[in-house]
Amino acid sequence: MDRQYGETVVSTRIRLARNLEGYPFPSRLKSEKQAKEIIRLVSSALSRLDEFKLYYMDNISREQSVCLMENHLISPNLINNKRFSAALINREENVSVMINEEDHLREQCIVRGLDLRLAYETMSEIDNRIAGSMKFAYDERLGFLTACPTNLGTGLRASVMMFLPATTINGVINKAIKHIRNLGLTVRGVYGEGSGAEGYMYQISNEVTLGVTEEEILARVREVVDTVCEIEQLERKKLLSGADALDIKDECMRSYGILTNCAKISASEFVKLAANVKLGACLGHLPIRDVSAIDELSVKLSPSNITAAAGRQLSPSERDAYRAQVCVKTFRNMCGGN
């Protein structure tokens with residue numbers, strides 16, 4: 001992957017929405033017996049493909065479920081429907097199958113960087129394995145039948161997580177979002193629909209699933225991502241040559257200074273400062289070669305992941321202190337110990 005994509009595209013996600021024939025949609029699923037039967041059928045189908053761990057949402061703690069969500073392995077909707085829901089997650093934790101969310105199945109694969117083809121082929125193999133063991137709800141005219149009409153047809157959502165600081169800072173993000181929507185795609189925040197664009201992070205995904213093929217969806221998303229990458233690169237050049245260039249550099253360097261010398265830091269402040277440091281690296285102000293390490297650290301230092309690492313409940317102040325210790329050490333190492 002060239003530098004343009006490596007410093008702008010964070011990850012790629014392919015998600016398939018499926019329902020099983022003969023069962024009510026999850027919103028109308030009132031029988032716990034039927035819910036458990038769906039979970040058993042899907043778990044059995046995948047047991048021969050890879051090593052998946054089964055999580056019953058009503059059997060795990062709130063902290064553990066939030067941890068899975070912060071790692072983008074499950075959705076908030078799955079947690080809210082915990083009585084009937086479950087998730088199957090593979091050993092590498094890049095593939096998850098949510099059961100009885102909005103649809104019976106939400107199958108997803110997340111890969112690092114921009115690789116729509118790899119994510120799609122991985123997900124298709126899993127989808128085919130499930131389809132070989134049970135029958136999906138399907139209509140010859142409408143395609144796969146889903147709880148929400150916007151998922152009818154292929155049931156495919158191809159999403160790319162992008163880091164767009166310059167586009168945001170220079171005030172062209174709203175224009176870019178409007179252009180993206182005119183092309184039939186949508187823009188969301190870090191955790192999907194209804195979430196904010198924390199740390200200059202945006203999800204770009206297809207909105208139309210009916211009347212188009214999977215290949216057409218992948219091609220359209222790739223085309224838009226290419227365009228957005230070009231826009232971001234152009235706006236970054238403006239940050240280097242504009243009247244505010246020194247102010248931008250100063251903010252990036254000050255953010256690095258705080259992250260390498262703090263005694264405590266909240267999650268929200270960390271996200272903001274880490275984004276500034278990542279921007280500083282992209283602009284050449286900081287000698288950090290692999291900016292993806294910052295993205296990985298952002299997930300690692302989320303509240304629930306810190307609690308999981310500590311192995312016990314921590315107070316907000318203890319979490320902030322732990323976060324500071326890790327980020328001081330990590331960011332100093334990223335810049336060669338300086």
# chains A, B, ... in the order shown; residues from 1 in each chain; ligands from 1
call {"tool": "select_by_dssp", "arguments": {"residues": "region 109-253 of chain A", "states": "strand (DSSP E or B)", "output": "compact mmCIF listing (two decimals) with all heavy atoms, in the first residue's frame"}}
result
# COMPACT_ATOMS: atom_id res chain seq x y z
N CYS A 109 -16.13 -8.75 8.42
CA CYS A 109 -14.70 -8.96 8.42
C CYS A 109 -14.02 -7.59 8.35
O CYS A 109 -14.41 -6.75 7.54
CB CYS A 109 -14.28 -9.81 7.22
SG CYS A 109 -12.48 -9.98 7.04
N ILE A 110 -13.04 -7.37 9.21
CA ILE A 110 -12.30 -6.11 9.22
C ILE A 110 -10.84 -6.41 8.95
O ILE A 110 -10.24 -7.28 9.60
CB ILE A 110 -12.44 -5.38 10.57
CG1 ILE A 110 -13.91 -5.05 10.85
CG2 ILE A 110 -11.60 -4.11 10.58
CD1 ILE A 110 -14.15 -4.39 12.19
N VAL A 111 -10.25 -5.71 7.98
CA VAL A 111 -8.83 -5.86 7.68
C VAL A 111 -8.14 -4.51 7.79
O VAL A 111 -8.76 -3.46 7.61
CB VAL A 111 -8.60 -6.46 6.27
CG1 VAL A 111 -9.21 -7.84 6.18
CG2 VAL A 111 -9.14 -5.55 5.18
N ARG A 112 -6.88 -4.54 8.09
CA ARG A 112 -6.11 -3.31 8.23
C ARG A 112 -5.85 -2.68 6.86
O ARG A 112 -5.59 -3.38 5.87
CB ARG A 112 -4.77 -3.65 8.91
CG ARG A 112 -3.84 -2.48 9.12
CD ARG A 112 -2.63 -2.95 9.92
NE ARG A 112 -1.56 -1.99 9.90
CZ ARG A 112 -0.40 -2.15 10.53
NH1 ARG A 112 -0.20 -3.26 11.22
NH2 ARG A 112 0.54 -1.24 10.48
N PHE A 136 -31.28 -19.17 3.70
CA PHE A 136 -31.49 -17.76 3.95
C PHE A 136 -32.83 -17.31 3.38
O PHE A 136 -33.33 -17.88 2.40
CB PHE A 136 -30.38 -16.93 3.28
CG PHE A 136 -29.04 -17.05 3.95
CD1 PHE A 136 -27.88 -17.05 3.19
CD2 PHE A 136 -28.92 -17.14 5.33
CE1 PHE A 136 -26.64 -17.14 3.79
CE2 PHE A 136 -27.68 -17.23 5.94
CZ PHE A 136 -26.54 -17.24 5.17
N TYR A 138 -34.80 -15.31 1.07
CA TYR A 138 -34.38 -14.74 -0.22
C TYR A 138 -35.57 -14.66 -1.17
O TYR A 138 -36.42 -15.55 -1.21
CB TYR A 138 -33.27 -15.60 -0.83
CG TYR A 138 -32.65 -15.03 -2.08
CD1 TYR A 138 -31.62 -14.10 -2.00
CD2 TYR A 138 -33.11 -15.42 -3.34
CE1 TYR A 138 -31.04 -13.57 -3.16
CE2 TYR A 138 -32.54 -14.90 -4.49
CZ TYR A 138 -31.51 -13.97 -4.40
OH TYR A 138 -30.96 -13.43 -5.54
N ASP A 139 -35.61 -13.57 -1.92
CA ASP A 139 -36.65 -13.37 -2.91
C ASP A 139 -35.99 -13.12 -4.26
O ASP A 139 -35.01 -12.37 -4.34
CB ASP A 139 -37.52 -12.16 -2.52
CG ASP A 139 -38.62 -11.89 -3.52
OD1 ASP A 139 -39.68 -12.53 -3.42
OD2 ASP A 139 -38.41 -11.05 -4.42
N GLY A 143 -33.96 -9.99 -3.67
CA GLY A 143 -32.69 -10.46 -3.14
C GLY A 143 -32.81 -10.93 -1.70
O GLY A 143 -33.87 -11.45 -1.29
N PHE A 144 -31.79 -10.74 -0.91
CA PHE A 144 -31.82 -11.16 0.50
C PHE A 144 -32.80 -10.26 1.26
O PHE A 144 -32.76 -9.04 1.14
CB PHE A 144 -30.42 -11.07 1.11
CG PHE A 144 -29.47 -12.09 0.58
CD1 PHE A 144 -28.53 -11.76 -0.39
CD2 PHE A 144 -29.53 -13.41 1.02
CE1 PHE A 144 -27.65 -12.70 -0.90
CE2 PHE A 144 -28.66 -14.38 0.52
CZ PHE A 144 -27.72 -14.02 -0.45
N GLY A 153 -31.54 -6.76 -1.12
CA GLY A 153 -30.71 -6.98 -2.31
C GLY A 153 -29.50 -7.82 -1.95
O GLY A 153 -29.63 -8.99 -1.58
N LEU A 156 -25.08 -6.22 1.39
CA LEU A 156 -23.65 -5.92 1.56
C LEU A 156 -23.39 -4.46 1.90
O LEU A 156 -23.87 -3.56 1.23
CB LEU A 156 -22.91 -6.27 0.26
CG LEU A 156 -21.46 -5.80 0.14
CD1 LEU A 156 -20.57 -6.49 1.16
CD2 LEU A 156 -20.93 -6.04 -1.28
N ARG A 157 -22.61 -4.26 2.97
CA ARG A 157 -22.09 -2.94 3.31
C ARG A 157 -20.57 -3.01 3.25
O ARG A 157 -19.96 -3.78 3.98
CB ARG A 157 -22.52 -2.50 4.71
CG ARG A 157 -24.00 -2.28 4.87
CD ARG A 157 -24.45 -0.97 4.27
NE ARG A 157 -25.89 -0.81 4.42
CZ ARG A 157 -26.58 0.21 3.96
NH1 ARG A 157 -25.96 1.18 3.32
NH2 ARG A 157 -27.88 0.28 4.13
N ALA A 158 -20.00 -2.21 2.38
CA ALA A 158 -18.55 -2.11 2.28
C ALA A 158 -18.15 -0.78 2.90
O ALA A 158 -18.54 0.28 2.40
CB ALA A 158 -18.10 -2.20 0.83
N SER A 159 -17.39 -0.81 3.98
CA SER A 159 -17.03 0.41 4.71
C SER A 159 -15.52 0.57 4.78
O SER A 159 -14.79 -0.40 4.96
CB SER A 159 -17.59 0.37 6.14
OG SER A 159 -18.98 0.16 6.14
N VAL A 160 -15.09 1.81 4.66
CA VAL A 160 -13.67 2.13 4.79
C VAL A 160 -13.52 3.23 5.83
O VAL A 160 -14.16 4.28 5.72
CB VAL A 160 -13.07 2.57 3.44
CG1 VAL A 160 -11.61 2.98 3.63
CG2 VAL A 160 -13.18 1.46 2.41
N MET A 161 -12.71 2.97 6.86
CA MET A 161 -12.44 3.96 7.90
C MET A 161 -11.29 4.84 7.45
O MET A 161 -10.22 4.34 7.11
CB MET A 161 -12.08 3.28 9.22
CG MET A 161 -11.95 4.23 10.39
SD MET A 161 -13.55 4.74 11.05
CE MET A 161 -14.01 3.24 11.95
N MET A 162 -11.52 6.17 7.45
CA MET A 162 -10.53 7.09 6.93
C MET A 162 -10.17 8.18 7.95
O MET A 162 -11.03 8.64 8.71
CB MET A 162 -11.04 7.74 5.64
CG MET A 162 -11.44 6.73 4.57
SD MET A 162 -11.81 7.50 2.97
CE MET A 162 -10.15 7.95 2.43
N PHE A 163 -8.92 8.57 7.93
CA PHE A 163 -8.38 9.63 8.78
C PHE A 163 -8.28 10.90 7.94
O PHE A 163 -7.45 10.98 7.03
CB PHE A 163 -7.01 9.21 9.30
CG PHE A 163 -6.31 10.24 10.15
CD1 PHE A 163 -6.86 10.69 11.34
CD2 PHE A 163 -5.07 10.75 9.76
CE1 PHE A 163 -6.20 11.63 12.13
CE2 PHE A 163 -4.40 11.67 10.55
CZ PHE A 163 -4.96 12.12 11.73
N LEU A 185 -23.24 7.06 -1.55
CA LEU A 185 -22.56 6.54 -0.37
C LEU A 185 -22.91 7.38 0.84
O LEU A 185 -23.52 8.44 0.70
CB LEU A 185 -21.04 6.51 -0.58
CG LEU A 185 -20.50 5.26 -1.30
CD1 LEU A 185 -20.91 5.26 -2.77
CD2 LEU A 185 -18.97 5.20 -1.20
N THR A 186 -22.54 6.91 2.00
CA THR A 186 -22.85 7.64 3.22
C THR A 186 -21.59 7.78 4.08
O THR A 186 -20.63 7.03 3.91
CB THR A 186 -23.96 6.93 4.02
OG1 THR A 186 -24.38 7.76 5.11
CG2 THR A 186 -23.49 5.59 4.56
N VAL A 187 -21.62 8.73 5.00
CA VAL A 187 -20.48 8.98 5.88
C VAL A 187 -20.96 8.93 7.33
O VAL A 187 -21.94 9.59 7.68
CB VAL A 187 -19.84 10.36 5.60
CG1 VAL A 187 -18.64 10.59 6.51
CG2 VAL A 187 -19.42 10.47 4.14
N ARG A 188 -20.27 8.14 8.15
CA ARG A 188 -20.63 8.00 9.56
C ARG A 188 -19.40 8.17 10.43
O ARG A 188 -18.28 8.31 9.92
CB ARG A 188 -21.27 6.62 9.82
CG ARG A 188 -22.58 6.39 9.08
CD ARG A 188 -23.21 5.08 9.51
NE ARG A 188 -24.54 4.89 8.95
CZ ARG A 188 -24.81 4.23 7.83
NH1 ARG A 188 -23.81 3.70 7.13
NH2 ARG A 188 -26.04 4.10 7.40
N GLY A 189 -19.62 8.12 11.75
CA GLY A 189 -18.51 8.25 12.69
C GLY A 189 -17.84 6.93 12.97
O GLY A 189 -18.09 5.91 12.31
N GLY A 192 -20.18 3.86 13.69
CA GLY A 192 -21.31 3.66 12.81
C GLY A 192 -22.37 4.73 12.94
O GLY A 192 -22.11 5.85 13.38
N MET A 201 -11.86 10.81 12.36
CA MET A 201 -12.11 9.51 11.73
C MET A 201 -13.52 9.45 11.17
O MET A 201 -14.49 9.78 11.87
CB MET A 201 -11.91 8.39 12.75
CG MET A 201 -10.53 8.33 13.33
SD MET A 201 -9.38 7.60 12.18
CE MET A 201 -8.93 6.15 13.08
N TYR A 202 -13.63 8.97 9.92
CA TYR A 202 -14.92 8.88 9.24
C TYR A 202 -15.03 7.52 8.55
O TYR A 202 -14.06 7.02 7.99
CB TYR A 202 -15.05 9.97 8.17
CG TYR A 202 -14.95 11.39 8.70
CD1 TYR A 202 -13.72 11.99 8.91
CD2 TYR A 202 -16.10 12.13 8.97
CE1 TYR A 202 -13.61 13.29 9.39
CE2 TYR A 202 -16.01 13.43 9.45
CZ TYR A 202 -14.77 14.01 9.65
OH TYR A 202 -14.68 15.30 10.13
N GLN A 203 -16.26 6.96 8.59
CA GLN A 203 -16.56 5.73 7.85
C GLN A 203 -17.28 6.07 6.57
O GLN A 203 -18.33 6.73 6.60
CB GLN A 203 -17.46 4.81 8.67
CG GLN A 203 -16.76 3.92 9.66
CD GLN A 203 -17.70 2.86 10.20
OE1 GLN A 203 -18.05 1.92 9.48
NE2 GLN A 203 -18.12 2.99 11.43
N ILE A 204 -16.75 5.63 5.46
CA ILE A 204 -17.42 5.81 4.16
C ILE A 204 -17.91 4.45 3.70
O ILE A 204 -17.15 3.48 3.66
CB ILE A 204 -16.44 6.41 3.13
CG1 ILE A 204 -16.05 7.83 3.55
CG2 ILE A 204 -17.07 6.42 1.74
CD1 ILE A 204 -15.03 8.49 2.64
N SER A 205 -19.20 4.36 3.38
CA SER A 205 -19.77 3.08 2.97
C SER A 205 -20.89 3.28 1.97
O SER A 205 -21.44 4.37 1.83
CB SER A 205 -20.29 2.30 4.19
OG SER A 205 -21.34 3.02 4.82
N ASN A 206 -21.21 2.19 1.27
CA ASN A 206 -22.32 2.25 0.31
C ASN A 206 -23.64 2.37 1.03
O ASN A 206 -23.82 1.87 2.15
CB ASN A 206 -22.33 1.01 -0.58
CG ASN A 206 -22.56 -0.27 0.21
OD1 ASN A 206 -21.76 -0.64 1.06
ND2 ASN A 206 -23.66 -0.96 -0.07
call {"tool": "select_by_dssp", "arguments": {"residues": "region 208-303 of chain A", "states": "alpha helix (DSSP H)", "output": "ChimeraX atom specification"}}
result
/A:214-241,245-259,267-282,292-300,303
call {"tool": "atom_distance", "arguments": {"atom1": "CA of Ala219 (chain A)", "atom2": "CA of Glu93 (chain A)"}}
result
26.2 Å
call {"tool": "residues_around", "arguments": {"residues": "Ser315 (chain A)", "least_positions_apart": "5", "cutoff": "12 Å", "atoms": "only C-alpha atoms", "output": "ChimeraX atom specification"}}
result
/A:266,303-304,306-307,310,320-322
call {"tool": "residues_around", "arguments": {"residues": "Pro76 (chain A)", "least_positions_apart": "4", "cutoff": "10 Å", "atoms": "only C-alpha atoms", "output": "ChimeraX atom specification"}}
result
/A:65-66,68-70,72,80-81,101,191-192
call {"tool": "closest_residue", "arguments": {"among": "A:Val42, A:Ala308, A:Leu49, A:Leu88", "to": "Asn19 (chain A)", "atoms": "only C-alpha atoms"}}
result
A:Val42
call {"tool": "closest_residue", "arguments": {"among": "A:Phe52, A:Phe25, A:Phe84, A:Tyr5", "to": "Glu37 (chain A)", "atoms": "only C-alpha atoms"}}
result
A:Phe84
call {"tool": "closest_residue", "arguments": {"among": "A:Arg312, A:Arg48, A:Arg220, A:Arg117", "to": "Gln64 (chain A)", "atoms": "only C-alpha atoms"}}
result
A:Arg312
call {"tool": "closest_residue", "arguments": {"among": "A:Lys237, A:Arg18, A:His179, A:Lys272", "to": "Met98 (chain A)", "atoms": "only C-alpha atoms"}}
result
A:Arg18
call {"tool": "atom_distance", "arguments": {"atom1": "CA of Ile39 (chain A)", "atom2": "CA of Asn100 (chain A)"}}
result
8.2 Å
call {"tool": "residues_around", "arguments": {"residues": "Leu210 (chain A)", "least_positions_apart": "6", "cutoff": "8 Å", "atoms": "only C-alpha atoms", "output": "ChimeraX atom specification"}}
result
/A:142-143,150-154
call {"tool": "residues_around", "arguments": {"residues": "Ala35 (chain A)", "least_positions_apart": "4", "cutoff": "9 Å", "atoms": "only C-alpha atoms", "output": "list of chain:residue names"}}
result
A:Pro26, A:Leu29, A:Lys30, A:Ser31, A:Ile39, A:Arg40, A:Phe84, A:Ser85, A:Ile99, A:Asn100, A:His104
call {"tool": "write_last_selection", "arguments": {"atoms": "N, CA, C and O atoms", "output": "short mmCIF file (atom, residue, chain, number, x, y, z; two decimals), in the first residue's frame"}}
result
data_model
loop_
_atom_site.label_atom_id
_atom_site.label_comp_id
_atom_site.auth_asym_id
_atom_site.auth_seq_id
_atom_site.Cartn_x
_atom_site.Cartn_y
_atom_site.Cartn_z
N PRO A 26 -35.54 -10.60 14.20
CA PRO A 26 -35.22 -10.43 15.62
C PRO A 26 -36.16 -9.49 16.37
O PRO A 26 -36.47 -9.73 17.54
N LEU A 29 -38.95 -11.59 17.31
CA LEU A 29 -38.58 -12.88 17.87
C LEU A 29 -38.87 -12.88 19.37
O LEU A 29 -38.16 -12.25 20.15
N LYS A 30 -39.91 -13.56 19.77
CA LYS A 30 -40.34 -13.57 21.17
C LYS A 30 -39.97 -14.85 21.90
O LYS A 30 -40.01 -14.92 23.13
N SER A 31 -39.59 -15.86 21.14
CA SER A 31 -39.31 -17.17 21.73
C SER A 31 -37.81 -17.32 21.99
O SER A 31 -37.00 -17.27 21.06
N ILE A 39 -28.85 -19.52 17.18
CA ILE A 39 -27.46 -19.43 17.63
C ILE A 39 -26.75 -20.79 17.47
O ILE A 39 -25.62 -20.86 16.99
N ARG A 40 -27.45 -21.85 17.84
CA ARG A 40 -26.87 -23.20 17.74
C ARG A 40 -26.58 -23.58 16.29
O ARG A 40 -25.52 -24.13 15.97
N PHE A 84 -31.56 -12.22 23.65
CA PHE A 84 -31.65 -13.21 22.57
C PHE A 84 -30.40 -13.25 21.68
O PHE A 84 -30.36 -14.00 20.72
N SER A 85 -29.39 -12.43 21.97
CA SER A 85 -28.30 -12.27 21.01
C SER A 85 -27.01 -12.96 21.44
O SER A 85 -26.81 -13.30 22.61
N ILE A 99 -25.37 -12.49 16.03
CA ILE A 99 -26.59 -13.27 15.86
C ILE A 99 -27.74 -12.60 16.61
O ILE A 99 -27.63 -12.26 17.78
N ASN A 100 -28.83 -12.41 15.90
CA ASN A 100 -30.05 -11.77 16.43
C ASN A 100 -29.81 -10.32 16.84
O ASN A 100 -30.21 -9.88 17.93
N HIS A 104 -31.03 -11.65 11.71
CA HIS A 104 -30.56 -12.87 12.37
C HIS A 104 -29.04 -12.93 12.36
O HIS A 104 -28.41 -13.35 13.34
#
call {"tool": "closest_atom_pairs", "arguments": {"of": "region 213-296 of chain A", "to": "region 328-334 of chain A", "cutoff": "6 Å", "atoms": "only C-alpha atoms", "output": "Markdown table"}}
result
| residue | atom | partner | partner_atom | distance |
| --- | --- | --- | --- | --- |
| A:Leu259 | CA | A:Val328 | CA | 5.6 |
| A:Thr260 | CA | A:Val328 | CA | 4.1 |
| A:Ile288 | CA | A:Met334 | CA | 5.8 |
call {"tool": "atom_distance", "arguments": {"atom1": "CA of Cys282 (chain A)", "atom2": "CA of Glu7 (chain A)"}}
result
6.5 Å
call {"tool": "closest_residue", "arguments": {"among": "A:Leu279, A:Leu46, A:Met57, A:Ile126", "to": "Glu232 (chain A)", "atoms": "only C-alpha atoms"}}
result
A:Leu279
call {"tool": "closest_residue", "arguments": {"among": "A:Leu116, A:Ala86, A:Ala267, A:Ile60", "to": "Glu215 (chain A)", "atoms": "only C-alpha atoms"}}
result
A:Leu116
